[in-house]
Every structure is written in C-alpha cells, then in structure tokens.
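To be precise, the following lines are upload.cif, and they hold mmCIF, C-alpha atoms.
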data_protein
#
loop_
_atom_site.label_atom_id
_atom_site.label_comp_id
_atom_site.auth_asym_id
_atom_site.auth_seq_id
_atom_site.Cartn_x
_atom_site.Cartn_y
_atom_site.Cartn_z
CA MET A 57 -12.53 -18.45 0.52
CA PRO A 58 -13.62 -17.17 3.91
CA ASN A 59 -17.25 -17.68 4.88
CA LYS A 60 -19.58 -15.16 6.42
CA LYS A 61 -18.19 -15.87 9.88
CA THR A 62 -14.71 -14.70 8.94
CA PHE A 63 -13.53 -12.11 11.42
CA GLU A 64 -13.85 -8.48 10.35
CA ASP A 65 -11.29 -5.91 11.48
CA PRO A 66 -13.42 -3.42 13.46
CA ASP A 67 -11.34 -0.46 12.29
CA GLN A 68 -10.87 -1.52 8.69
CA ASN A 69 -12.69 0.29 5.87
CA ARG A 70 -14.32 2.82 8.16
CA THR A 71 -14.36 6.58 7.68
CA ARG A 72 -15.02 8.88 10.58
CA SER A 73 -16.66 12.29 10.72
CA HIS A 74 -20.01 13.75 11.60
CA SER A 75 -22.41 13.21 8.77
CA THR A 76 -23.45 11.28 5.73
CA LYS A 77 -24.92 13.26 2.85
CA LYS A 78 -26.50 12.13 -0.35
CA HIS A 79 -26.58 14.73 -3.07
CA PRO A 80 -30.04 15.17 -4.56
CA GLY A 81 -30.53 14.06 -8.09
CA ASN A 82 -27.75 11.47 -8.30
CA SER A 83 -26.48 8.36 -6.57
CA GLU A 84 -23.38 9.93 -5.04
CA LEU A 85 -22.90 9.15 -1.39
CA VAL A 86 -20.12 10.50 0.78
CA LYS A 87 -19.69 8.07 3.66
CA THR A 88 -18.29 9.78 6.70
CA ASP A 89 -20.21 7.91 9.38
CA PRO A 90 -17.79 6.16 11.77
CA ARG A 91 -20.09 3.16 11.88
CA GLU A 92 -20.17 2.80 8.10
CA HIS A 93 -18.27 -0.18 6.71
CA ILE A 94 -17.28 0.05 3.05
CA PRO A 95 -16.85 -3.48 1.64
CA ALA A 96 -15.46 -2.20 -1.67
CA LEU A 97 -12.32 -0.97 0.11
CA ASP A 98 -11.38 -4.60 0.71
CA GLY A 99 -11.59 -5.00 -3.05
CA LEU A 100 -9.28 -2.01 -3.54
CA ARG A 101 -6.78 -3.68 -1.23
CA GLY A 102 -7.20 -6.79 -3.34
CA LEU A 103 -6.34 -4.74 -6.44
CA ALA A 104 -3.28 -3.27 -4.67
CA ILE A 105 -1.85 -6.64 -3.64
CA GLY A 106 -2.71 -8.09 -7.04
CA LEU A 107 -0.64 -5.39 -8.75
CA VAL A 108 2.30 -6.06 -6.42
CA LEU A 109 2.11 -9.79 -7.12
CA ILE A 110 2.10 -9.16 -10.88
CA TRP A 111 5.25 -7.08 -10.56
CA HIS A 112 7.05 -9.74 -8.53
CA PHE A 113 5.80 -12.85 -10.30
CA VAL A 114 5.23 -11.84 -13.93
CA VAL A 115 8.62 -10.84 -15.30
CA PHE A 116 7.43 -9.72 -18.74
CA SER A 117 5.16 -7.08 -17.15
CA HIS A 118 8.06 -4.89 -16.06
CA ARG A 119 8.44 -2.76 -19.17
CA TRP A 120 4.90 -1.67 -19.95
CA LEU A 121 2.83 -2.43 -16.86
CA PRO A 122 3.82 -0.38 -13.77
CA SER A 123 2.19 -2.81 -11.37
CA TRP A 124 4.61 -1.83 -8.61
CA ILE A 125 2.23 1.12 -8.09
CA GLY A 126 0.08 -1.22 -6.01
CA VAL A 127 2.18 0.03 -3.08
CA ASP A 128 1.03 3.59 -3.83
CA LEU A 129 -2.59 2.45 -3.72
CA PHE A 130 -1.93 1.05 -0.24
CA PHE A 131 -0.48 4.43 0.76
CA VAL A 132 -3.50 6.36 -0.56
CA LEU A 133 -5.93 4.04 1.22
CA SER A 134 -3.97 4.37 4.47
CA GLY A 135 -3.90 8.16 4.21
CA TYR A 136 -7.64 8.34 3.64
CA LEU A 137 -8.65 5.93 6.41
CA ILE A 138 -6.09 7.06 8.99
CA THR A 139 -6.95 10.74 8.52
CA GLY A 140 -10.63 9.97 8.91
CA ARG A 141 -10.05 7.85 11.98
CA LEU A 142 -7.91 10.49 13.67
CA ILE A 143 -10.28 13.38 12.92
CA GLY A 144 -13.25 11.34 14.10
CA THR A 145 -11.64 10.43 17.45
CA LYS A 146 -9.81 13.68 18.07
CA GLU A 147 -12.14 14.86 20.83
CA MET A 148 -12.36 11.46 22.52
CA PRO A 149 -10.28 10.31 25.51
CA GLY A 150 -7.27 8.17 24.65
CA TYR A 151 -6.74 9.74 21.23
CA PHE A 152 -3.08 8.74 20.94
CA SER A 153 -3.18 5.50 22.91
CA ARG A 154 -6.15 4.14 20.95
CA PHE A 155 -4.54 4.89 17.62
CA TYR A 156 -1.13 3.41 18.44
CA ARG A 157 -2.65 0.38 20.15
CA ASN A 158 -4.79 -0.42 17.14
CA ARG A 159 -1.92 0.09 14.68
CA ALA A 160 0.36 -2.09 16.81
CA LEU A 161 -2.23 -4.88 17.01
CA ARG A 162 -2.69 -4.81 13.24
CA ILE A 163 0.92 -4.55 12.12
CA LEU A 164 3.38 -5.82 14.72
CA PRO A 165 2.45 -9.47 15.50
CA LEU A 166 2.69 -10.86 11.97
CA TYR A 167 5.52 -8.52 10.99
CA PHE A 168 7.77 -9.61 13.85
CA LEU A 169 6.84 -13.24 13.32
CA VAL A 170 7.94 -13.06 9.67
CA ILE A 171 11.27 -11.34 10.31
CA MET A 172 12.07 -13.62 13.27
CA ILE A 173 11.45 -16.68 11.11
CA PHE A 174 13.61 -15.17 8.36
CA PHE A 175 16.55 -14.37 10.63
CA GLY A 176 16.20 -17.69 12.42
CA ALA A 177 16.30 -19.56 9.10
CA ALA A 178 19.28 -17.45 7.98
CA ARG A 179 21.11 -18.33 11.20
CA PHE A 180 20.45 -22.06 11.34
CA LEU A 181 19.44 -23.25 7.85
CA LEU A 182 21.29 -21.18 5.26
CA ASP A 183 24.56 -22.50 3.85
CA LYS A 184 27.59 -20.36 4.59
CA LYS A 185 28.28 -19.96 0.88
CA ASN A 186 24.93 -18.16 0.50
CA LEU A 187 25.44 -15.74 3.39
CA PRO A 188 26.83 -12.94 1.15
CA THR A 189 23.44 -12.73 -0.60
CA ILE A 190 21.80 -11.63 2.67
CA ALA A 191 24.73 -9.65 4.04
CA ILE A 192 22.74 -6.40 4.13
CA TYR A 193 20.10 -8.07 6.29
CA ILE A 194 22.66 -9.52 8.70
CA ASP A 195 24.66 -6.31 8.96
CA HIS A 196 21.60 -4.10 9.47
CA TRP A 197 19.21 -6.45 11.24
CA ARG A 198 18.37 -3.80 13.86
CA SER A 199 16.77 -1.60 11.24
CA PHE A 200 14.06 -4.23 10.65
CA PHE A 201 13.14 -4.19 14.33
CA LEU A 202 13.17 -0.38 14.44
CA PHE A 203 11.22 0.09 11.15
CA THR A 204 14.05 1.99 9.47
CA GLN A 205 14.90 -0.57 6.78
CA ASN A 206 13.83 1.81 4.01
CA TRP A 207 16.74 4.06 4.98
CA THR A 208 19.04 1.03 4.95
CA PHE A 209 18.00 0.34 1.35
CA SER A 210 18.38 4.04 0.52
CA LEU A 211 21.95 4.18 1.83
CA TYR A 212 23.23 0.75 0.81
CA GLY A 213 21.10 -0.09 -2.22
CA ARG A 214 18.86 -3.05 -2.96
CA PRO A 215 19.91 -6.33 -1.36
CA GLN A 216 20.97 -9.22 -3.56
CA ASP A 217 18.36 -11.39 -1.89
CA LEU A 218 14.97 -9.68 -2.19
CA SER A 219 13.08 -11.61 0.49
CA LEU A 220 12.56 -8.64 2.82
CA LEU A 221 12.73 -5.85 0.24
CA PRO A 222 8.92 -5.20 0.25
CA LEU A 223 9.14 -4.32 3.95
CA TRP A 224 10.45 -0.87 3.02
CA SER A 225 6.86 0.33 2.59
CA VAL A 226 5.88 -0.97 6.04
CA ALA A 227 8.71 1.14 7.48
CA VAL A 228 7.52 4.22 5.58
CA GLU A 229 3.98 3.84 6.91
CA GLU A 230 5.18 3.27 10.48
CA GLN A 231 7.36 6.39 10.35
CA LEU A 232 4.45 8.47 9.04
CA TYR A 233 2.20 7.02 11.75
CA LEU A 234 4.53 8.56 14.32
CA VAL A 235 3.83 12.11 13.13
CA TRP A 236 0.35 11.88 11.56
CA PRO A 237 -1.67 11.77 14.83
CA LEU A 238 0.40 14.62 16.28
CA LEU A 239 -0.16 16.82 13.23
CA ILE A 240 -3.92 16.22 13.28
CA PHE A 241 -3.99 16.89 17.02
CA LEU A 242 -1.93 20.09 16.93
CA PHE A 243 -3.80 21.72 14.07
CA PRO A 244 -7.46 22.22 15.06
CA ILE A 245 -8.28 23.22 11.50
CA ASP A 246 -11.44 23.36 9.49
CA PRO A 247 -11.54 21.23 6.31
CA LYS A 248 -10.88 24.22 4.05
CA THR A 249 -7.65 25.11 5.87
CA GLY A 250 -6.68 21.44 6.04
CA ILE A 251 -7.09 21.11 2.28
CA ARG A 252 -4.70 24.01 1.76
CA ILE A 253 -2.14 22.54 4.16
CA PHE A 254 -2.24 19.09 2.57
CA ALA A 255 -2.09 20.52 -0.96
CA THR A 256 0.89 22.72 -0.03
CA ALA A 257 2.70 19.79 1.56
CA ILE A 258 2.16 17.63 -1.54
CA PHE A 259 3.50 20.42 -3.74
CA LEU A 260 6.62 20.75 -1.56
CA VAL A 261 7.28 17.01 -1.79
CA VAL A 262 7.00 17.11 -5.59
CA LEU A 263 9.19 20.20 -5.85
CA THR A 264 11.89 18.67 -3.63
CA ARG A 265 11.83 15.41 -5.55
CA CYS A 266 12.18 17.23 -8.88
CA CYS A 267 15.11 19.29 -7.59
CA TYR A 268 16.77 16.13 -6.31
CA TYR A 269 16.36 14.47 -9.69
CA ILE A 270 17.85 17.47 -11.50
CA HIS A 271 20.81 17.34 -9.12
CA ASP A 272 21.32 13.59 -9.62
CA PRO A 273 19.37 12.08 -12.56
CA SER A 274 21.04 8.68 -12.19
CA PHE A 275 19.14 5.95 -10.39
CA ALA A 276 19.20 6.66 -6.68
CA PRO A 277 17.33 4.21 -4.42
CA ASP A 278 16.76 6.92 -1.84
CA ARG A 279 14.27 8.59 -4.19
CA TYR A 280 12.10 5.49 -4.12
CA TYR A 281 12.56 4.38 -0.50
CA ASN A 282 12.79 7.86 1.05
CA THR A 283 9.97 8.49 3.53
CA PHE A 284 9.61 12.17 2.67
CA PHE A 285 9.60 11.54 -1.09
CA ARG A 286 6.83 8.93 -0.71
CA ALA A 287 4.72 10.83 1.83
CA ASP A 288 2.72 12.56 -0.91
CA SER A 289 0.72 9.39 -1.55
CA MET A 290 -0.60 9.24 2.03
CA MET A 291 -1.14 13.00 1.97
CA THR A 292 -3.24 12.58 -1.16
CA GLY A 293 -5.47 10.13 0.70
CA GLY A 294 -5.80 12.57 3.58
CA LEU A 295 -6.58 15.39 1.16
CA LEU A 296 -9.39 13.34 -0.37
CA TYR A 297 -10.90 12.73 3.07
CA LEU A 298 -10.89 16.46 3.83
CA LEU A 299 -12.55 17.14 0.49
CA HIS A 300 -15.24 14.63 1.40
CA ILE A 301 -15.85 16.33 4.75
CA ARG A 302 -16.13 19.73 3.13
CA THR A 303 -18.61 18.57 0.50
CA ALA A 304 -20.62 16.19 2.71
CA ASN A 305 -23.07 18.88 3.78
CA THR A 306 -22.93 21.10 0.71
CA SER A 307 -22.51 20.04 -2.89
CA ALA A 308 -20.75 16.85 -3.96
CA ARG A 309 -20.33 18.17 -7.48
CA MET A 310 -17.09 19.98 -6.69
CA VAL A 311 -15.17 16.78 -5.97
CA SER A 312 -16.74 15.10 -9.00
CA SER A 313 -15.61 17.98 -11.21
CA ILE A 314 -12.10 17.81 -9.78
CA ARG A 315 -12.02 14.05 -10.34
CA LYS A 316 -13.10 14.33 -13.97
CA ALA A 317 -10.60 17.12 -14.66
CA LEU A 318 -7.75 15.14 -13.12
CA LEU A 319 -8.62 12.02 -15.10
CA CYS A 320 -8.85 13.97 -18.37
CA VAL A 321 -5.43 15.57 -17.83
CA LEU A 322 -3.34 13.14 -15.79
CA LEU A 323 -4.27 9.82 -17.39
CA PRO A 324 -3.30 10.83 -20.97
CA LEU A 325 -0.22 12.59 -19.60
CA SER A 326 0.91 9.43 -17.79
CA VAL A 327 0.33 7.15 -20.77
CA GLY A 328 2.09 9.60 -23.09
CA CYS A 329 5.15 9.90 -20.84
CA ILE A 330 5.42 6.12 -20.49
CA LEU A 331 5.22 5.66 -24.27
CA VAL A 332 7.87 8.33 -24.87
CA ILE A 333 10.24 7.01 -22.19
CA GLY A 334 9.66 3.39 -23.23
CA ASN A 335 9.40 1.74 -19.82
CA THR A 336 7.51 1.90 -16.52
CA TYR A 337 10.41 1.47 -14.10
CA PRO A 338 10.12 3.58 -10.93
CA ALA A 339 13.52 5.17 -11.60
CA ASN A 340 12.62 6.70 -14.96
CA PHE A 341 12.31 10.47 -15.41
CA PHE A 342 8.53 10.58 -15.18
CA PHE A 343 8.07 8.58 -11.99
CA ALA A 344 11.17 9.93 -10.26
CA THR A 345 9.85 13.49 -10.53
CA VAL A 346 6.05 13.85 -10.70
CA GLY A 347 4.92 10.31 -11.45
CA TYR A 348 4.49 9.10 -7.88
CA THR A 349 2.19 12.03 -7.14
CA ILE A 350 0.23 11.67 -10.37
CA THR A 351 -0.23 7.97 -9.61
CA ALA A 352 -1.52 8.83 -6.13
CA LEU A 353 -3.96 11.39 -7.58
CA LEU A 354 -5.30 8.83 -10.07
CA PHE A 355 -5.79 6.32 -7.26
CA ALA A 356 -7.55 9.03 -5.24
CA CYS A 357 -9.94 9.50 -8.17
CA LEU A 358 -10.61 5.76 -8.15
CA LEU A 359 -11.16 5.77 -4.38
CA ASP A 360 -13.49 8.75 -4.62
CA ASP A 361 -15.62 7.01 -7.25
CA VAL A 362 -15.82 3.81 -5.22
CA ILE A 363 -16.88 5.65 -2.06
CA ARG A 364 -19.29 8.11 -3.65
CA PHE A 365 -21.21 5.78 -5.93
CA ASP A 366 -22.69 3.01 -3.81
CA GLN A 367 -24.33 1.35 -6.79
CA GLY A 368 -21.74 2.33 -9.39
CA HIS A 369 -20.00 -0.17 -11.63
CA LEU A 370 -16.64 0.24 -9.87
CA ASN A 371 -18.15 -0.18 -6.42
CA ARG A 372 -19.92 -3.36 -7.47
CA PHE A 373 -16.74 -4.68 -9.09
CA PHE A 374 -14.65 -4.12 -5.97
CA ARG A 375 -17.29 -5.80 -3.83
CA CYS A 376 -16.79 -9.10 -5.64
CA ARG A 377 -15.81 -11.95 -3.32
CA TRP A 378 -12.43 -12.89 -4.76
CA LEU A 379 -11.12 -9.32 -4.64
CA ARG A 380 -12.41 -8.82 -1.10
CA PHE A 381 -10.81 -12.11 -0.10
CA LEU A 382 -7.45 -10.94 -1.47
CA GLY A 383 -7.92 -7.62 0.31
CA LYS A 384 -8.57 -9.26 3.67
CA ILE A 385 -5.39 -11.34 3.47
CA SER A 386 -3.36 -8.64 1.70
CA TYR A 387 -1.15 -7.74 4.66
CA GLY A 388 0.01 -11.30 5.25
CA LEU A 389 0.32 -11.91 1.53
CA TYR A 390 2.45 -8.78 1.15
CA LEU A 391 4.82 -9.87 3.92
CA ILE A 392 5.35 -13.51 2.99
CA HIS A 393 5.03 -13.83 -0.78
CA TYR A 394 8.59 -12.74 -1.58
CA PRO A 395 10.35 -14.92 1.04
CA ILE A 396 8.40 -17.89 -0.32
CA LEU A 397 9.24 -16.95 -3.90
CA THR A 398 12.94 -16.44 -3.14
CA PHE A 399 13.31 -19.65 -1.16
CA LEU A 400 11.13 -22.08 -3.10
CA ARG A 401 11.34 -21.03 -6.74
CA PRO A 402 14.97 -22.05 -7.39
CA ARG A 403 14.47 -25.34 -5.57
CA ILE A 404 11.33 -26.19 -7.50
CA ARG A 405 12.98 -25.25 -10.79
CA HIS A 406 16.00 -27.42 -9.95
CA TRP A 407 13.72 -30.38 -9.28
CA GLU A 408 11.82 -29.73 -12.51
CA ALA A 409 15.06 -29.45 -14.51
CA VAL A 410 16.17 -32.84 -13.22
CA HIS A 411 12.86 -34.66 -13.70
CA TRP A 412 11.42 -32.66 -16.60
CA PRO A 413 14.29 -31.22 -18.67
CA GLY A 414 13.89 -29.10 -21.77
CA HIS A 415 10.93 -26.93 -20.70
CA PRO A 416 12.40 -23.79 -19.06
CA SER A 417 9.38 -21.55 -19.66
CA LEU A 418 6.95 -24.10 -18.26
CA GLU A 419 9.30 -24.76 -15.34
CA LEU A 420 9.29 -21.06 -14.47
CA ALA A 421 5.50 -20.71 -14.80
CA LEU A 422 4.81 -23.83 -12.75
CA SER A 423 7.26 -22.91 -9.99
CA GLU A 424 5.75 -19.43 -9.66
CA CYS A 425 2.20 -20.78 -9.61
CA ILE A 426 3.15 -23.16 -6.79
CA CYS A 427 4.80 -20.34 -4.82
CA LEU A 428 1.80 -18.04 -5.34
CA LEU A 429 -0.71 -20.69 -4.31
CA LEU A 430 1.28 -21.49 -1.17
CA ALA A 431 1.54 -17.79 -0.29
CA VAL A 432 -2.24 -17.33 -0.64
CA VAL A 433 -3.01 -20.41 1.47
CA LEU A 434 -0.59 -19.41 4.23
CA SER A 435 -1.90 -15.82 4.22
CA ALA A 436 -5.50 -17.00 4.53
CA PHE A 437 -4.48 -19.32 7.37
CA SER A 438 -2.59 -16.48 9.07
CA TYR A 439 -5.54 -14.10 8.82
CA ARG A 440 -8.04 -16.66 10.08
CA TYR A 441 -6.08 -18.18 12.95
CA PHE A 442 -3.31 -15.71 13.88
CA GLU A 443 -4.01 -12.11 12.91
CA SER A 444 -7.68 -12.24 13.88
CA ARG A 445 -6.76 -13.06 17.48
CA PHE A 446 -5.00 -9.70 17.78
CA LEU A 447 -7.58 -7.81 15.73
CA ARG A 448 -10.30 -8.80 18.21
CA LEU A 449 -8.41 -6.87 20.89
CA LYS A 450 -9.01 -3.65 18.94
CA ARG A 451 -12.61 -3.74 20.10
#
As structure tokens, the full file:
Amino acid sequence: MPNKKTFEDPDQNRTRSHSTKKHPGNSELVKTDPREHIPALDGLRGLAIGLVLIWHFVVFSHRWLPSWIGVDLFFVLSGYLITGRLIGTKEMPGYFSRFYRNRALRILPLYFLVIMIFFGAARFLLDKKNLPTIAIYIDHWRSFFLFTQNWTFSLYGRPQDLSLLPLWSVAVEEQLYLVWPLLIFLFPIDPKTGIRIFATAIFLVVLTRCCYYIHDPSFAPDRYYNTFFRADSMMTGGLLYLLHIRTANTSARMVSSIRKALLCVLLPLSVGCILVIGNTYPANFFFATVGYTITALLFACLLDDVIRFDQGHLNRFFRCRWLRFLGKISYGLYLIHYPILTFLRPRIRHWEAVHWPGHPSLELALSECICLLLAVVLSAFSYRYFESRFLRLKR
C-alpha cells in the first residue's frame, strides 16, 4: 500500500473550467476548478480494474456478471477528464503540444515496455510448437506499435493466446485522442451547443451499431473492438462534463433529475434484458445494439454522484484506501495481468497436478491467486519506480 509520499499524477482526477458552485440547500458540489483533485476518481478506477480482473480471473462470473464493462467505465472517466482538460486549456499556449506530451508520458513508456518484453520473450523463449498460438501477434506486430491492434482483432478475430488482447482498448483511446483535441479546438461552442453535438453523436453511434447488428446478428468482433462503435462511452463522459459546466453557475437540480430518471429507466431495463437473454456476454443482442451506451450512461450517473456529493456515501466509499491504491496502479495492472495469467497459470497448475494431484478446483483457485498477487505487486512496483519518473515530467 503506497504511503502518503507516493507520487501523484499532476493531471489525474482533475476537472478544468472556470468555476465551482455549490447549490444552496444541499451538499451537491460541481467541481470544475482546474486545481481541484478528486480522490474518489482513483477509487472509480479501482472499481474499473477490479471488474476487469473479475472477468479474466473468475470464470463462473461470465454468465450473470458483465464485469467486462470495467473497460467502459475507463472510457467514461477518460471522456470526462479529457474533455475538461481540453476545454480548460483551450485558450492557453501549447494547447496541442501539452495534451499530447502528457498523454505520451502517461501511456507510452509502460506500454512499449510491456509489448517489447512480450515480443522478445516470444522470439527467444517460446517453443516453436507454441508459435501458432501467437501467430496473429507475430503476423501483425506493427499494429501494436501503431495502436491499431483493435482493427487487427476486428478483421482477424480474437487470438488464441489472449496475452495482449486487453490492449485493444488502449488503441481505441489513442485513436480517439488524435481527434478529440482537434474537435474541441475547432468548435468554439457554448456548453448548450456542445451538449447537443455530443448527444447527437452518441445517437448516431447507437443507430449505426443497431443497423449493423440487424444486417449481421451473428457474433462479429468488429462490433466490440471497432473504434467508432465504442466511441459513445467517451462521448458520454464528455457530455457529462458539459452538463456540469452548464449547471455550475445555475441550478444543479437539472443534472440530478436527469440522473434519477436514467437510473429509474435504464437499470431495470438492463437487468430485465439480461434475465430474458440469459447471459451477459458482450455479443448478445442487448449489448451489441444499445447495451454499451446504456452501460456508459449508468456509469455517468455513478460518476456524477461521486463528483457532486462530496460527503455522500458513494464518494466516501470510493475514497477508501484499497480502492484508491488499485486505481493508482490500474494502468500497469491492466497491461500486465493477462500476460502473467497466460504464462504462469498453466505452469503453476502443472506443478500442482504433479505434487498435489486430485484437487483441480483448488489448483485453479491457487494458481489464479498467485498470478493476481504477482500482477498487483509488479504493478505497484512499476507505478512507484518506473511510471512516476515519467509522470513527474508532466509538471
């Protein structure tokens, strides 16, 4: 557990605008001060990575617990924070260079380190008989250096070896980062107009995804890995930020009313659809059409509650130390947990089967616990001694 001296990312968990307004008569607080750090957002990142880990480590969760949606929570958080950061620095010198420098310092060092270790190990350590399992990585290795691997998975399907599969979402974010600053810069819009633009864009994504599903209802990986089809989650985060700007100096009740209405409609709708369909796989009818967007809207409601209610129950929960710790190391944990799981789990299980035969369930649980513990330790070490060196340069 990091102590109080653990390095803080100077750009992390900050929203940027012109004012901070507390609505009279309640405890709602819209934080739009660029100097305001929101500790609970680390906890939300902790929730996001925790959901991803459940999906990858806990096999029995796959039918009824859609924990893969942790990726969508990352998208919503990114959309909210990136939109705020860009709007808040729009009139400052170095608008583009500052943004891309900070994103590069946060994402590239550890990312390239992980994929270079993976390809180096594949070249020098992997047996030739196992090379077919990583053929898609070897044949399309350039896509991982160009951040286009999500399109590789869309065109050629999921790889047999899943070590680098989670990197599809990193590619999606990087591709959206290329256009997001330009869109904010080219459209000098007031929040009201921005809300309309974001809402229209989200609707177009949903409509296109539904039409695509009607055309081809079979499982198509490009629906899940496609940048355009997943952009609505980041747009939802940006939409929430614009709503916060618009209500910061007027009435906060509008966003609260919208949040309550969405929760009352979308949450029962989601649960009902999952019960009717009988599974929570991302390729089912619900998620492949409107489910990704509904999930993003529900996460936006959660984010809104955490930000608005400083002393609310959710805010206090997400400020707890263990969730914030997971949130701080979430990037490294996201990148390395699956390579560790893929490489170590079969070897540990083989050793257990030889020395402790007849306990397959315990062998599986113990091997996954060892892999998870190692991933957390390495991620904490990476954040403390590797990533933080580059994050300091963002200042």
Inset, instruction - Name all residues at most 9 Å from Arg375 (chain A) (count only C-alpha atoms; drop same-chain ones fewer than 2 positions away) and give them as a list in words. - result: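 In the requested format, the answer is Pro95, Ala96, Leu97, Asp98, Gly99, Leu100, Leu370, Asn371, Arg372, Phe373, Arg377, Trp378, Leu379 and Arg380 of chain A.
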Legend entry - 8 Å contact set for region 341-350 of chain A, all atoms listed in the file, chain neighbours under 4 positions out, as a list in words: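 Returned residues: Asp128, Ile258, Val262, Arg265, Cys266, Tyr269, Pro273, Arg279, Tyr280, Arg286, Asp288, Ser289, Leu322, Ser326, Cys329, Ile330, Ile333, Tyr337 and Leu354 of chain A.
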Legend entry - Residue neighbourhood region 169-185 of chain A, 10 Å, all atoms listed in the file, exclusion window fewer than 4 positions, as number ranges by chain: A: 164-165, 189-190, 193-194, 197, 200-201, 219-220, 223, 388, 391-392, 395
Keeping C-alpha atoms for every residue in the selection just given, could you write it to a file as a PDB file, keeping the file's coordinate frame?
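For reference, out-v4.pdb as written:
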ATOM      1  CA  LEU A 164       3.380  -5.820  14.720  1.00  0.00           C
ATOM      2  CA  PRO A 165       2.450  -9.470  15.500  1.00  0.00           C
ATOM      3  CA  THR A 189      23.440 -12.730  -0.600  1.00  0.00           C
ATOM      4  CA  ILE A 190      21.800 -11.630   2.670  1.00  0.00           C
ATOM      5  CA  TYR A 193      20.100  -8.070   6.290  1.00  0.00           C
ATOM      6  CA  ILE A 194      22.660  -9.520   8.700  1.00  0.00           C
ATOM      7  CA  TRP A 197      19.210  -6.450  11.240  1.00  0.00           C
ATOM      8  CA  PHE A 200      14.060  -4.230  10.650  1.00  0.00           C
ATOM      9  CA  PHE A 201      13.140  -4.190  14.330  1.00  0.00           C
ATOM     10  CA  SER A 219      13.080 -11.610   0.490  1.00  0.00           C
ATOM     11  CA  LEU A 220      12.560  -8.640   2.820  1.00  0.00           C
ATOM     12  CA  LEU A 223       9.140  -4.320   3.950  1.00  0.00           C
ATOM     13  CA  GLY A 388       0.010 -11.300   5.250  1.00  0.00           C
ATOM     14  CA  LEU A 391       4.820  -9.870   3.920  1.00  0.00           C
ATOM     15  CA  ILE A 392       5.350 -13.510   2.990  1.00  0.00           C
ATOM     16  CA  PRO A 395      10.350 -14.920   1.040  1.00  0.00           C
TER      17      PRO A 395
END
Inset, instruction - Do a neighbour search on region 407-412 of chain A at 10 Å with only C-alpha atoms, toss out local chain neighbours closer than 6 positions, and write the hits as a ChimeraX atom specification. - result: /A:401,418-420,422-423
Legend entry - All residues 12 Å or closer to Leu121 (chain A), all atoms listed in the file, same chain fewer than 6 positions away omitted, as an NGL selection string: :A and (107-108 or 110-112 or 114-115 or 327 or 330-331 or 334-338)
